[in-house]
file work03.txt (compact mmCIF, C-alpha atoms)
# COMPACT_ATOMS: atom_id res chain seq x y z
CA MET R 1 0.00 0.00 0.00
CA SER R 2 1.22 3.44 -0.80
CA GLY R 3 -0.55 4.79 2.26
CA SER R 4 -2.05 7.59 0.20
CA LEU R 5 -5.61 8.75 0.40
CA ALA R 6 -7.95 8.08 -2.48
CA PRO R 7 -8.81 11.24 -4.41
CA SER R 8 -12.39 10.89 -3.25
CA GLU R 9 -11.18 11.42 0.31
CA THR R 10 -9.59 14.71 -0.61
CA PRO R 11 -11.35 17.44 1.36
CA ALA R 12 -13.27 19.85 -0.82
CA PRO R 13 -11.32 23.07 -1.31
CA THR R 14 -12.42 25.87 0.98
CA ALA R 15 -13.89 29.08 -0.39
CA GLU R 16 -10.65 30.79 0.54
CA GLU R 17 -8.63 28.29 -1.46
CA LEU R 18 -10.93 28.66 -4.42
CA GLY R 19 -10.70 32.42 -4.20
CA ALA R 20 -6.93 32.26 -4.15
CA HIS R 21 -6.81 30.24 -7.32
CA PHE R 22 -9.71 31.46 -9.40
CA ASP R 23 -8.41 34.96 -9.79
CA GLY R 24 -6.83 33.91 -13.04
CA SER R 25 -5.42 31.20 -15.24
CA THR R 26 -2.30 29.20 -14.56
CA PRO R 27 0.57 30.68 -16.60
CA SER R 28 2.29 28.83 -19.41
CA GLN R 29 5.91 27.69 -19.07
CA THR R 30 8.30 26.12 -21.53
CA VAL R 31 8.38 22.35 -22.03
CA GLY R 32 12.16 22.67 -21.54
CA PRO R 33 14.81 20.44 -23.11
CA TYR R 34 13.59 17.18 -21.61
CA LEU R 35 10.06 17.00 -23.00
CA GLY R 36 11.23 13.84 -24.75
CA ILE R 37 10.82 11.78 -21.57
CA GLY R 38 7.37 13.06 -20.72
CA LEU R 39 5.27 13.73 -23.78
CA PRO R 40 5.87 11.20 -26.57
CA TRP R 41 3.56 8.21 -26.95
CA PRO R 42 4.35 5.12 -29.05
CA ASP R 43 1.25 5.82 -31.16
CA GLY R 44 1.50 9.60 -30.84
CA PRO R 45 2.13 10.29 -34.53
CA ASP R 46 -0.81 8.07 -35.58
CA VAL R 47 -3.96 10.14 -35.85
CA VAL R 48 -5.18 7.04 -37.70
CA PRO R 49 -3.81 3.49 -37.53
CA ALA R 50 -1.44 2.26 -40.23
CA GLY R 51 -3.37 0.89 -43.20
CA THR R 52 -6.31 3.27 -42.91
CA PRO R 53 -7.77 4.01 -46.36
CA GLY R 54 -6.69 7.43 -47.54
CA GLU R 55 -3.75 7.48 -45.15
CA VAL R 56 -1.22 10.25 -45.73
CA ARG R 57 1.89 11.36 -43.93
CA ILE R 58 2.59 14.94 -43.02
CA VAL R 59 6.34 15.34 -42.67
CA GLY R 60 8.34 18.44 -41.92
CA THR R 61 11.24 20.08 -40.18
CA VAL R 62 11.09 22.75 -37.51
CA TYR R 63 13.64 25.56 -37.98
CA ASP R 64 14.78 28.36 -35.71
CA GLY R 65 15.59 31.93 -36.68
CA GLY R 66 19.15 30.96 -37.55
CA GLY R 67 17.93 28.38 -40.06
CA ASP R 68 18.98 25.54 -37.78
CA PRO R 69 16.64 22.61 -37.05
CA ILE R 70 15.04 22.47 -33.60
CA PRO R 71 15.62 18.98 -32.22
CA ASP R 72 13.75 19.48 -28.94
CA ALA R 73 10.27 20.45 -30.11
CA MET R 74 6.89 18.76 -30.12
CA VAL R 75 4.40 19.11 -32.97
CA GLU R 76 0.78 18.46 -32.02
CA THR R 77 -2.09 18.33 -34.51
CA TRP R 78 -5.86 18.52 -34.11
CA GLN R 79 -8.26 18.03 -37.00
CA ALA R 80 -11.71 16.97 -38.15
CA ASP R 81 -12.39 13.59 -39.72
CA PRO R 82 -12.73 13.23 -43.52
CA ASP R 83 -16.34 14.38 -43.29
CA GLY R 84 -15.48 17.47 -41.25
CA HIS R 85 -16.67 16.16 -37.88
CA PHE R 86 -15.22 15.68 -34.40
CA ASP R 87 -15.82 13.42 -31.42
CA HIS R 88 -16.60 16.24 -29.03
CA PRO R 89 -19.65 17.35 -27.02
CA ASP R 90 -19.24 21.01 -27.96
CA ASP R 91 -19.77 20.32 -31.65
CA PRO R 92 -23.47 21.14 -32.07
CA ARG R 93 -23.64 18.95 -35.19
CA GLY R 94 -23.13 15.82 -33.08
CA ARG R 95 -20.11 13.59 -32.54
CA VAL R 96 -18.27 10.87 -34.39
CA PRO R 97 -17.41 8.38 -31.63
CA GLY R 98 -13.86 7.11 -31.79
CA TRP R 99 -12.42 9.82 -34.04
CA ARG R 100 -9.17 10.68 -32.24
CA GLY R 101 -8.25 13.62 -34.42
CA PHE R 102 -5.06 14.22 -32.43
CA GLY R 103 -1.44 13.56 -33.28
CA ARG R 104 1.81 14.42 -31.59
CA CYS R 105 5.39 13.83 -32.65
CA PRO R 106 8.60 15.03 -31.03
CA THR R 107 11.21 16.33 -33.48
CA ASP R 108 14.25 14.12 -33.95
CA ASP R 109 17.90 15.14 -33.95
CA SER R 110 17.43 16.67 -37.40
CA GLY R 111 14.36 18.65 -36.35
CA ALA R 112 12.00 16.39 -38.31
CA TYR R 113 8.53 15.15 -37.40
CA THR R 114 5.97 12.85 -39.03
CA ILE R 115 2.21 12.60 -38.54
CA ARG R 116 0.14 9.75 -40.00
CA THR R 117 -3.39 10.89 -40.77
CA VAL R 118 -6.14 11.28 -43.37
CA LEU R 119 -7.15 14.56 -44.96
CA PRO R 120 -9.72 16.46 -42.89
CA GLY R 121 -13.03 17.38 -44.47
CA ALA R 122 -14.28 20.90 -44.89
CA LEU R 123 -15.96 22.63 -41.95
CA PRO R 124 -18.92 24.96 -42.34
CA GLY R 125 -17.55 28.05 -44.03
CA GLN R 126 -13.94 26.91 -43.80
CA ALA R 127 -11.53 25.02 -46.02
CA PRO R 128 -10.15 21.73 -44.66
CA HIS R 129 -7.36 22.40 -42.19
CA VAL R 130 -5.33 21.00 -39.31
CA ASP R 131 -4.64 23.10 -36.20
CA VAL R 132 -1.07 22.82 -34.92
CA SER R 133 0.54 23.53 -31.56
CA LEU R 134 4.32 23.81 -31.52
CA LEU R 135 6.04 23.41 -28.16
CA ALA R 136 9.80 23.60 -27.63
CA ARG R 137 12.65 24.48 -25.35
CA GLY R 138 13.06 28.22 -25.70
CA MET R 139 9.34 28.73 -26.19
CA LEU R 140 7.67 29.99 -23.04
CA HIS R 141 4.27 29.45 -24.61
CA ARG R 142 3.10 27.19 -27.44
CA VAL R 143 2.74 28.77 -30.84
CA VAL R 144 -0.29 27.92 -32.96
CA THR R 145 -0.51 27.58 -36.71
CA ARG R 146 -2.67 25.82 -39.30
CA ILE R 147 -1.97 23.41 -42.13
CA TYR R 148 -4.02 23.71 -45.33
CA PHE R 149 -3.71 21.35 -48.30
CA PRO R 150 -3.06 22.16 -51.95
CA ASP R 151 -5.89 19.78 -52.96
CA HIS R 152 -8.43 22.34 -51.73
CA ALA R 153 -7.22 25.43 -53.59
CA ASP R 154 -10.76 26.37 -54.63
CA ALA R 155 -11.91 26.46 -51.02
CA HIS R 156 -8.88 28.45 -49.92
CA ALA R 157 -10.15 31.51 -51.75
CA ALA R 158 -13.21 31.63 -49.48
CA ASP R 159 -11.53 30.60 -46.22
CA PRO R 160 -11.87 33.41 -43.65
CA VAL R 161 -8.66 32.55 -41.81
CA LEU R 162 -6.54 32.43 -44.96
CA ALA R 163 -8.21 35.66 -46.06
CA SER R 164 -6.90 37.32 -42.88
CA VAL R 165 -3.31 36.39 -43.79
CA PRO R 166 -1.30 38.77 -45.99
CA GLU R 167 -1.22 37.19 -49.42
CA GLN R 168 2.57 36.87 -49.60
CA ARG R 169 2.59 34.82 -46.37
CA ARG R 170 -0.31 32.44 -47.14
CA ARG R 171 1.95 29.89 -48.74
CA THR R 172 3.56 29.26 -45.33
CA LEU R 173 0.27 27.64 -44.29
CA ILE R 174 -0.16 25.36 -47.31
CA ALA R 175 1.48 21.96 -47.26
CA VAL R 176 3.51 20.83 -50.27
CA PRO R 177 2.77 17.47 -51.94
CA VAL R 178 5.50 14.85 -51.55
CA GLY R 179 5.49 11.10 -52.04
CA GLY R 180 3.01 9.50 -49.64
CA GLY R 181 1.62 12.78 -48.40
CA TYR R 182 2.69 16.32 -47.69
CA ARG R 183 5.56 18.39 -46.38
CA PHE R 184 4.87 21.16 -43.89
CA ASP R 185 7.98 22.84 -42.49
CA LEU R 186 7.70 25.22 -39.58
CA ARG R 187 9.99 28.24 -39.68
CA VAL R 188 9.63 29.86 -36.31
CA GLN R 189 11.47 33.04 -37.24
CA GLY R 190 13.12 34.78 -40.16
CA PRO R 191 12.76 34.41 -43.94
CA GLY R 192 9.63 32.47 -44.82
CA GLU R 193 8.45 32.66 -41.20
CA THR R 194 5.38 30.48 -40.74
CA VAL R 195 2.25 32.44 -39.93
CA CYS R 196 1.38 31.97 -36.26
CA PHE R 197 -1.88 32.75 -34.52
CA ASP R 198 -3.18 33.96 -31.23
CA LEU R 199 -6.55 32.61 -30.16
CA MET I 1 -11.36 16.90 -53.06
CA ALA I 2 -12.21 20.51 -53.76
CA THR I 3 -14.96 21.98 -51.63
CA SER I 4 -17.28 24.72 -52.74
CA ILE I 5 -18.56 27.10 -50.12
CA THR I 6 -22.25 27.58 -50.70
CA GLN I 7 -24.57 30.11 -49.16
CA SER I 8 -26.20 27.41 -47.12
CA ALA I 9 -22.83 26.35 -45.74
CA VAL I 10 -22.18 29.90 -44.59
CA GLU I 11 -25.60 30.04 -43.01
CA ARG I 12 -24.97 26.77 -41.25
CA ALA I 13 -21.66 28.16 -40.05
CA ASP I 14 -23.36 31.19 -38.61
CA SER I 15 -26.01 29.16 -36.92
CA ALA I 16 -23.43 26.77 -35.53
CA ALA I 17 -21.35 29.70 -34.30
CA HIS I 18 -24.19 30.78 -32.04
CA ALA I 19 -24.07 27.48 -30.23
CA LEU I 20 -20.31 27.31 -29.79
CA PRO I 21 -18.63 28.12 -26.50
CA ARG I 22 -16.32 31.13 -26.53
CA TYR I 23 -13.15 31.12 -24.49
CA LEU I 24 -12.13 34.37 -22.88
CA PRO I 25 -8.64 35.77 -23.27
CA ASP I 26 -6.45 35.75 -20.18
CA PRO I 27 -5.56 39.19 -18.79
CA PRO I 28 -2.27 40.68 -20.01
CA GLY I 29 0.62 39.53 -17.84
CA THR I 30 -0.79 36.06 -17.21
CA HIS I 31 1.50 34.29 -19.67
CA PRO I 32 5.14 34.89 -20.57
CA PRO I 33 6.11 36.69 -23.77
CA LEU I 34 7.63 34.51 -26.48
CA ASP I 35 10.58 36.92 -26.75
CA PHE I 36 12.24 37.13 -23.34
CA ALA I 37 15.90 38.07 -23.42
CA ASP I 38 16.72 36.76 -19.93
CA TYR I 39 15.88 33.23 -21.14
CA ARG I 40 18.45 33.25 -23.86
CA CYS I 41 17.26 30.50 -26.16
CA THR I 42 14.00 32.37 -26.84
CA ARG I 43 16.06 34.65 -29.08
CA LEU I 44 15.92 32.50 -32.22
CA ARG I 45 12.74 30.67 -31.24
CA HIS I 46 10.07 33.34 -31.23
CA PRO I 47 8.05 34.63 -34.18
CA THR I 48 9.03 38.15 -35.18
CA GLN I 49 5.93 38.71 -37.31
CA PRO I 50 2.82 39.72 -35.36
CA LEU I 51 0.52 36.87 -34.39
CA LEU I 52 -2.77 36.92 -36.30
CA LEU I 53 -6.04 36.35 -34.51
CA LEU I 54 -7.46 32.87 -35.04
CA PRO I 55 -11.24 32.99 -34.60
CA GLN I 56 -12.67 30.35 -32.29
CA ARG I 57 -14.52 28.06 -34.65
CA LEU I 58 -15.25 24.34 -34.48
CA THR I 59 -11.61 23.21 -34.58
CA GLU I 60 -10.61 25.57 -31.79
CA VAL I 61 -13.50 24.90 -29.38
CA THR I 62 -13.16 21.14 -29.70
CA GLY I 63 -10.09 19.15 -28.70
CA PRO I 64 -8.80 15.71 -27.94
CA LEU I 65 -10.71 13.96 -25.16
CA LEU I 66 -8.12 11.44 -24.16
CA GLY I 67 -9.65 9.00 -21.79
CA PRO I 68 -8.79 6.07 -19.58
CA GLY I 69 -7.05 4.07 -22.30
CA ARG I 70 -4.02 6.33 -21.98
CA VAL I 71 -3.40 5.77 -18.27
CA GLY I 72 -2.24 2.59 -16.53
CA ALA I 73 -2.97 1.71 -12.92
CA LEU I 74 0.43 2.83 -11.59
CA ASP I 75 1.05 5.69 -13.98
CA ASN I 76 0.30 8.32 -11.34
CA ASP I 77 2.67 6.77 -8.77
CA LEU I 78 6.22 7.55 -9.83
CA THR I 79 7.58 5.76 -6.75
CA ARG I 80 6.30 2.35 -7.83
CA GLN I 81 7.45 2.05 -11.42
CA HIS I 82 10.58 0.02 -10.60
CA ASP I 83 11.64 -2.85 -8.34
CA GLY I 84 12.78 -0.52 -5.61
CA GLU I 85 11.74 2.87 -4.32
CA PRO I 86 13.46 6.00 -5.60
CA GLN I 87 15.70 8.10 -3.38
CA GLY I 88 14.31 11.37 -2.12
CA GLN I 89 11.51 13.02 -0.24
CA ARG I 90 8.24 11.23 -1.01
CA ILE I 91 5.47 13.70 -1.85
CA ILE I 92 1.82 13.59 -2.86
CA VAL I 93 0.67 16.27 -5.28
CA ARG I 94 -3.06 16.85 -5.44
CA GLY I 95 -5.18 19.45 -7.07
CA THR I 96 -8.05 20.19 -9.36
CA LEU I 97 -8.21 21.03 -13.04
CA ARG I 98 -10.81 23.71 -13.63
CA ASP I 99 -11.61 26.44 -16.06
CA GLY I 100 -11.77 30.11 -15.17
CA ASP I 101 -15.41 29.81 -14.18
CA GLY I 102 -14.59 27.22 -11.54
CA ARG I 103 -16.05 24.44 -13.65
CA PRO I 104 -14.14 21.15 -13.16
CA VAL I 105 -12.58 19.51 -16.19
CA PRO I 106 -13.41 15.80 -15.65
CA ASP I 107 -11.80 12.71 -17.23
CA SER I 108 -8.94 14.77 -18.60
CA LEU I 109 -5.38 13.60 -19.15
CA ILE I 110 -2.60 15.20 -17.11
CA GLU I 111 1.00 14.33 -17.96
CA ILE I 112 4.02 15.18 -15.80
CA TRP I 113 7.78 14.79 -16.06
CA GLN I 114 10.53 15.78 -13.67
CA ALA I 115 14.11 15.39 -12.48
CA ASN I 116 15.07 12.95 -9.74
CA ALA I 117 15.89 13.96 -6.17
CA GLY I 118 19.39 15.01 -7.25
CA GLY I 119 18.10 17.21 -10.06
CA ARG I 120 18.94 14.82 -12.92
CA TYR I 121 16.55 13.92 -15.74
CA ARG I 122 16.56 10.48 -17.32
CA HIS I 123 17.26 12.04 -20.72
CA LYS I 124 20.27 11.59 -22.98
CA ALA I 125 20.85 15.35 -23.15
CA ASP I 126 21.09 15.72 -19.36
CA THR I 127 24.70 14.97 -18.52
CA TRP I 128 25.52 17.07 -15.49
CA PRO I 129 27.40 15.17 -12.75
CA SER I 130 24.53 14.08 -10.54
CA PRO I 131 23.64 10.39 -10.55
CA LEU I 132 20.66 8.80 -12.20
CA ASP I 133 18.41 6.81 -9.88
CA PRO I 134 17.76 3.30 -11.20
CA ASN I 135 14.39 3.38 -9.46
CA PHE I 136 13.14 6.61 -10.93
CA THR I 137 11.99 7.44 -14.45
CA GLY I 138 10.29 10.72 -13.63
CA VAL I 139 7.24 10.38 -15.88
CA GLY I 140 3.62 10.18 -14.77
CA ARG I 141 0.08 10.33 -16.12
CA ALA I 142 -3.27 10.72 -14.43
CA LEU I 143 -6.88 11.31 -15.35
CA THR I 144 -8.94 13.83 -13.50
CA ASP I 145 -12.01 12.41 -11.76
CA ALA I 146 -15.60 13.62 -12.13
CA GLU I 147 -14.78 16.65 -9.94
CA GLY I 148 -11.63 17.51 -11.88
CA ARG I 149 -9.33 16.17 -9.14
CA TYR I 150 -6.01 14.45 -9.77
CA GLU I 151 -3.26 12.93 -7.65
CA PHE I 152 0.38 12.02 -8.17
CA VAL I 153 2.73 10.24 -5.79
CA THR I 154 6.36 11.06 -6.54
CA ILE I 155 9.54 12.40 -4.96
CA LYS I 156 10.50 16.03 -4.69
CA PRO I 157 12.75 16.88 -7.64
CA GLY I 158 16.07 18.55 -7.02
CA ALA I 159 17.31 21.84 -8.41
CA TYR I 160 19.82 21.61 -11.25
CA PRO I 161 22.30 23.85 -13.05
CA TRP I 162 21.80 24.97 -16.62
CA GLY I 163 23.83 27.06 -19.01
CA ASN I 164 21.60 30.09 -19.38
CA HIS I 165 23.87 32.45 -17.44
CA VAL I 166 26.70 32.28 -14.91
CA ASN I 167 25.84 29.89 -12.08
CA ALA I 168 22.25 29.44 -13.25
CA TRP I 169 20.12 26.94 -11.32
CA ARG I 170 16.52 26.01 -12.00
CA PRO I 171 14.25 25.98 -8.95
CA ALA I 172 12.77 22.55 -8.24
CA HIS I 173 9.78 22.00 -10.52
CA ILE I 174 7.51 19.41 -12.08
CA HIS I 175 6.41 19.86 -15.71
CA PHE I 176 2.63 19.61 -16.19
CA SER I 177 0.88 19.14 -19.53
CA VAL I 178 -2.91 19.41 -19.70
CA PHE I 179 -5.42 19.35 -22.54
CA GLY I 180 -8.54 20.72 -20.91
CA ARG I 181 -11.71 20.59 -22.97
CA SER I 182 -10.59 22.29 -26.15
CA PHE I 183 -7.65 23.07 -28.41
CA THR I 184 -7.90 26.61 -27.06
CA GLN I 185 -7.27 25.44 -23.48
CA ARG I 186 -4.11 23.42 -24.15
CA LEU I 187 -1.52 24.31 -21.50
CA VAL I 188 1.97 23.23 -20.51
CA THR I 189 3.29 24.72 -17.30
CA GLN I 190 5.63 24.01 -14.40
CA MET I 191 4.69 23.46 -10.77
CA TYR I 192 7.09 24.96 -8.25
CA PHE I 193 7.52 24.45 -4.50
CA PRO I 194 6.91 27.06 -1.80
CA ASP I 195 9.66 29.41 -0.68
CA ASP I 196 12.31 28.31 -3.15
CA PRO I 197 15.35 30.61 -2.80
CA LEU I 198 16.06 30.19 -6.52
CA PHE I 199 12.88 31.98 -7.64
CA ALA I 200 14.57 35.37 -7.62
CA HIS I 201 17.29 34.13 -9.97
CA ASP I 202 15.23 32.09 -12.46
CA PRO I 203 14.31 33.76 -15.76
CA ILE I 204 11.77 31.09 -16.68
CA PHE I 205 9.78 31.60 -13.47
CA ASN I 206 10.16 35.35 -13.79
CA SER I 207 9.12 35.39 -17.44
CA VAL I 208 5.52 35.60 -16.20
CA PRO I 209 4.98 39.36 -15.92
CA ASP I 210 2.24 39.42 -13.30
CA GLU I 211 3.34 38.67 -9.73
CA ALA I 212 0.00 37.15 -8.74
CA ALA I 213 0.06 34.95 -11.83
CA ARG I 214 3.59 33.77 -10.96
CA GLN I 215 2.39 32.72 -7.54
CA ARG I 216 -0.29 30.53 -9.16
CA MET I 217 2.55 28.28 -10.37
CA VAL I 218 3.71 27.68 -6.79
CA SER I 219 2.17 24.72 -5.02
CA ARG I 220 1.20 25.01 -1.37
CA PHE I 221 2.18 22.70 1.45
CA ASP I 222 -0.95 20.81 2.39
CA LEU I 223 -0.90 19.38 5.90
CA ALA I 224 -4.45 18.08 5.53
CA ASN I 225 -3.26 15.87 2.67
CA THR I 226 -0.07 14.76 4.37
CA PRO I 227 -0.53 11.13 5.44
CA GLU I 228 1.16 10.60 8.79
CA GLN I 229 4.45 8.69 8.65
CA TRP I 230 4.35 8.64 4.86
CA ALA I 231 4.72 11.65 2.57
CA LEU I 232 4.45 15.43 2.39
CA GLY I 233 1.34 16.74 0.68
CA PHE I 234 1.31 19.61 -1.81
CA ARG I 235 -1.66 21.22 -3.49
CA PHE I 236 -1.48 22.48 -7.07
CA ASP I 237 -4.69 23.65 -8.69
CA ILE I 238 -4.61 24.31 -12.40
CA VAL I 239 -6.94 26.89 -13.94
CA LEU I 240 -7.54 27.05 -17.69
CA ARG I 241 -9.15 29.80 -19.74
CA GLY I 242 -12.78 30.39 -18.85
CA ARG I 243 -15.76 30.60 -21.15
CA ASP I 244 -18.00 33.60 -21.43
CA ALA I 245 -21.41 33.56 -19.79
CA THR I 246 -23.42 33.20 -22.98
CA PRO I 247 -25.89 30.38 -22.47
CA PHE I 248 -24.86 27.26 -24.30
CA GLU I 249 -27.29 24.60 -25.41
CA GLU I 250 -25.87 21.13 -25.18
CA PRO I 251 -26.26 19.45 -28.55
CA HIS I 252 -28.09 16.18 -28.86
CA ALA I 253 -25.42 13.56 -29.45
call {"tool": "encode", "arguments": {"input": "work03.txt", "output": "C-alpha cells"}}
result
Amino acid sequence: MSGSLAPSETPAPTAEELGAHFDGSTPSQTVGPYLGIGLPWPDGPDVVPAGTPGEVRIVGTVYDGGGDPIPDAMVETWQADPDGHFDHPDDPRGRVPGWRGFGRCPTDDSGAYTIRTVLPGALPGQAPHVDVSLLARGMLHRVVTRIYFPDHADAHAADPVLASVPEQRRRTLIAVPVGGGYRFDLRVQGPGETVCFDL
Amino acid sequence: MATSITQSAVERADSAAHALPRYLPDPPGTHPPLDFADYRCTRLRHPTQPLLLLPQRLTEVTGPLLGPGRVGALDNDLTRQHDGEPQGQRIIVRGTLRDGDGRPVPDSLIEIWQANAGGRYRHKADTWPSPLDPNFTGVGRALTDAEGRYEFVTIKPGAYPWGNHVNAWRPAHIHFSVFGRSFTQRLVTQMYFPDDPLFAHDPIFNSVPDEAARQRMVSRFDLANTPEQWALGFRFDIVLRGRDATPFEEPHA
C-alpha cells in the first residue's frame, strides 16, 4: 500500500482556497529540453492506424531563426475527420465516436517530425485544415498555426482565416505534396516565417 | 477533393457559431512573452511577425478527449514504477483542473515529467554530474475524476544547473501538460515548490509578468493531505481559460 488517500477522500477546497486560485489562469511555461521523456507516446504520430484508407503522412522540419533545425520540439495536430466532424460534445452537429483527431510527434535530432493521418473534411464556411501547436525548449508558450492542403485550392479563396493572412505569407500555411503525403515545415522566425496565430 | 462554399454552408456556419462556446482571453501579464531576453534561447525561437487572430470556430473549441485508455494503474505513482523505491523526499501532489469559471474539467489527461531527487533527468541530453536513480523514471500520467481532481505520488525533484547564465540553477519543478476541454485550453506549465530561494534568480519563473500569476505556479504545502508517517502533501490547482457567460445549449449527441 502506498498509504495515500484516495482522491475521493480529498477534502473539498475551501472558499478561501478557491478564491486564491480562481483569480486567473495558470501561466504557461516552456516544455524545456527534456520534453522527450514526458510527452511522446508510441502511437502519438498516428492520428489514424497504419493501413487506414486514404492514409497520408505529413512530414516536416522545424527551424529556428538561424535556419537551424530544432531537435527538442513537439508538434501536435488537431483536425476533423474526412467528413469534417469531431468526437466532441461542444460540436453542435453531433459527434463521431472514436475519431481521435489528435497527433503528436517530437522532433528528432534533425528537427524532423511525421504525422500519419487522413485529410480532414471541410468545416462549415472553412476550407479543410489542421490546427497545430508547436512546443519547444526556448518557447515559453506554445505557438499555434494551421496546415491547409493544396488539394483544396478552390476552397482556400473563401476561407476566412486564410483571407486574414497577408497574401505573400499564405503559402507558409499550405502543405507541399510529396510522395506519400505532404511536407509542412515550420519556420519559427526569419525568412519564410510560418504564420502563427493567437486565439 | 475541392470543396465549394455555398450560401447554405455559410448560413450553417453562422447558426453553428451561435451554439459554440467562446473562451475568454487571459488578462495581459498572465502568460510569458515569447521573446524574453533573460531566457536566452527564446532569441531565435520566437516569431518576429505579429501573431494573427485565429477565430474560435469548431476546430478551436473542440479538442482531444483522451480518456482512460491512456493511463495505466500505476502511472500516477512515480515511486512504484521500478523494483525498488526511488531516493528522495516522497510527496503527494493533489489538485483540481478547472476552467476560469470554476467548472471542473473531468476525465482529462494530465502528464508530468521531472528530475530525480538530485536534479537529474533520465534524458540523454542531461549529462551534469549528478547520478541517475535506477528506481526513478520521472514520468507520470493521471486522469482527473468527475470533480476535476487528480493525484500524483512522486519524490520532490532537485534543483539543477543549466547554461543560461553564470551559475544558473533552476528551482525545483515538475512539468505539467494538460489538454482541458478544447484546443484553445491546451496548456503546458511548471509546478514549483513554496519558498524556493532560486525563484529570484530564475528567468523562466520570472518570465511571467504578473506577480499574482507567478504565484499561481507555486504549489502550497498541504498538511491536511499529508498522510502521517508517509509523505508530504502539496496542493497544485490548475486553472484554464474560462468561457464567457453566454448560455450554451448542449447538442443532442
call {"tool": "closest_residue", "arguments": {"input": "work03.txt", "among": "I:Val178, I:Leu232, I:Ile112, I:Met191", "to": "Gln215 of chain I", "atoms": "all atoms listed in the file"}}
result
I:Met191
call {"tool": "residues_around", "arguments": {"input": "work03.txt", "residues": "Ile92 of chain I", "least_positions_apart": "3", "cutoff": "8 Å", "atoms": "all atoms listed in the file", "output": "ChimeraX atom specification"}}
result
/R:4 /I:151-154,225-226,231-234
call {"tool": "write_last_selection", "arguments": {"input": "work03.txt", "atoms": "C-alpha atoms", "output": "CSV table (one decimal), in the frame of the given file"}}
result
chain,number,residue,atom,x,y,z
R,4,SER,CA,-2.0,7.6,0.2
I,151,GLU,CA,-3.3,12.9,-7.6
I,152,PHE,CA,0.4,12.0,-8.2
I,153,VAL,CA,2.7,10.2,-5.8
I,154,THR,CA,6.4,11.1,-6.5
I,225,ASN,CA,-3.3,15.9,2.7
I,226,THR,CA,-0.1,14.8,4.4
I,231,ALA,CA,4.7,11.6,2.6
I,232,LEU,CA,4.4,15.4,2.4
I,233,GLY,CA,1.3,16.7,0.7
I,234,PHE,CA,1.3,19.6,-1.8
call {"tool": "residues_around", "arguments": {"input": "work03.txt", "residues": "Val178 of chain R", "least_positions_apart": "3", "cutoff": "12 Å", "atoms": "all atoms listed in the file", "output": "ChimeraX atom specification"}}
result
/R:56-60,149-150,175,181-184
call {"tool": "closest_residue", "arguments": {"input": "work03.txt", "among": "R:His129, R:His88, R:Arg171, R:Arg187", "to": "Ala155 of chain R", "atoms": "all atoms listed in the file"}}
result
R:His129
call {"tool": "residues_around", "arguments": {"input": "work03.txt", "residues": "segment 40-42 of chain R", "least_positions_apart": "5", "cutoff": "12 Å", "atoms": "only C-alpha atoms", "output": "list in words"}}
result
Tyr34, Leu35, Val47, Pro49, Asp72, Ala73, Met74, Val75, Glu76, Phe102, Gly103, Arg104, Cys105, Pro106, Thr107, Asp108 and Tyr113 of chain R; Arg70, Val71, Glu111, Ile112, Trp113, Val139, Arg141 and Ser177 of chain I
call {"tool": "axis_aligned_box", "arguments": {"input": "work03.txt", "around": "segment 179-188 of chain R", "padding_each_side": "6 Å", "output": "JSON"}}
result
{"center_x": 5.8, "center_y": 19.7, "center_z": -44.2, "size_x": 20.4, "size_y": 32.4, "size_z": 27.7}
call {"tool": "closest_residue", "arguments": {"input": "work03.txt", "among": "I:Cys41, I:Thr30, I:Arg170, I:His82", "to": "Met217 of chain I", "atoms": "only C-alpha atoms"}}
result
I:Thr30
call {"tool": "atom_distance", "arguments": {"input": "work03.txt", "atom1": "atom CA of Gly138 of chain R", "atom2": "atom CA of Thr26 of chain R"}}
result
19.0 Å
call {"tool": "interface_residues", "arguments": {"input": "work03.txt", "of": "chain R", "to": "chain I", "cutoff": "6 Å", "atoms": "all atoms listed in the file", "output": "list in words"}}
result
Ser25, Thr26, Pro27, Ser28, Gln29, Gly38, Asp64, Gly65, Pro92, Gly94, Pro124, Gly125, Gly138, Met139, Leu140, His152, Ala155, Val188, Gln189, Cys196, Phe197, Asp198 and Leu199 of chain R
call {"tool": "build_atoms", "arguments": {"input": "work03.txt", "residues": "segment 30-39 of chain I", "atoms": "N, CA and C atoms", "output": "PDB file, keeping the file's coordinate frame"}}
result
ATOM      1  N   THR I  30      -0.586  37.419 -17.723  1.00  0.00           N
ATOM      2  CA  THR I  30      -0.790  36.060 -17.210  1.00  0.00           C
ATOM      3  C   THR I  30       0.263  35.102 -17.743  1.00  0.00           C
ATOM      4  N   HIS I  31       0.580  35.238 -19.035  1.00  0.00           N
ATOM      5  CA  HIS I  31       1.500  34.290 -19.670  1.00  0.00           C
ATOM      6  C   HIS I  31       2.787  35.015 -20.086  1.00  0.00           C
ATOM      7  N   PRO I  32       3.868  34.262 -20.200  1.00  0.00           N
ATOM      8  CA  PRO I  32       5.140  34.890 -20.570  1.00  0.00           C
ATOM      9  C   PRO I  32       5.109  35.363 -22.030  1.00  0.00           C
ATOM     10  N   PRO I  33       5.929  36.353 -22.359  1.00  0.00           N
ATOM     11  CA  PRO I  33       6.110  36.690 -23.770  1.00  0.00           C
ATOM     12  C   PRO I  33       6.952  35.615 -24.443  1.00  0.00           C
ATOM     13  N   LEU I  34       6.808  35.500 -25.758  1.00  0.00           N
ATOM     14  CA  LEU I  34       7.630  34.510 -26.480  1.00  0.00           C
ATOM     15  C   LEU I  34       9.068  35.004 -26.620  1.00  0.00           C
ATOM     16  N   ASP I  35       9.242  36.329 -26.637  1.00  0.00           N
ATOM     17  CA  ASP I  35      10.580  36.920 -26.750  1.00  0.00           C
ATOM     18  C   ASP I  35      10.960  37.441 -25.366  1.00  0.00           C
ATOM     19  N   PHE I  36      11.889  36.752 -24.706  1.00  0.00           N
ATOM     20  CA  PHE I  36      12.240  37.130 -23.340  1.00  0.00           C
ATOM     21  C   PHE I  36      13.754  36.965 -23.195  1.00  0.00           C
ATOM     22  N   ALA I  37      14.446  38.094 -23.278  1.00  0.00           N
ATOM     23  CA  ALA I  37      15.900  38.070 -23.420  1.00  0.00           C
ATOM     24  C   ALA I  37      16.604  37.333 -22.279  1.00  0.00           C
ATOM     25  N   ASP I  38      16.040  37.395 -21.060  1.00  0.00           N
ATOM     26  CA  ASP I  38      16.720  36.760 -19.930  1.00  0.00           C
ATOM     27  C   ASP I  38      16.783  35.230 -20.073  1.00  0.00           C
ATOM     28  N   TYR I  39      15.836  34.670 -20.812  1.00  0.00           N
ATOM     29  CA  TYR I  39      15.880  33.230 -21.140  1.00  0.00           C
ATOM     30  C   TYR I  39      16.428  33.167 -22.553  1.00  0.00           C
TER      31      TYR I  39
END
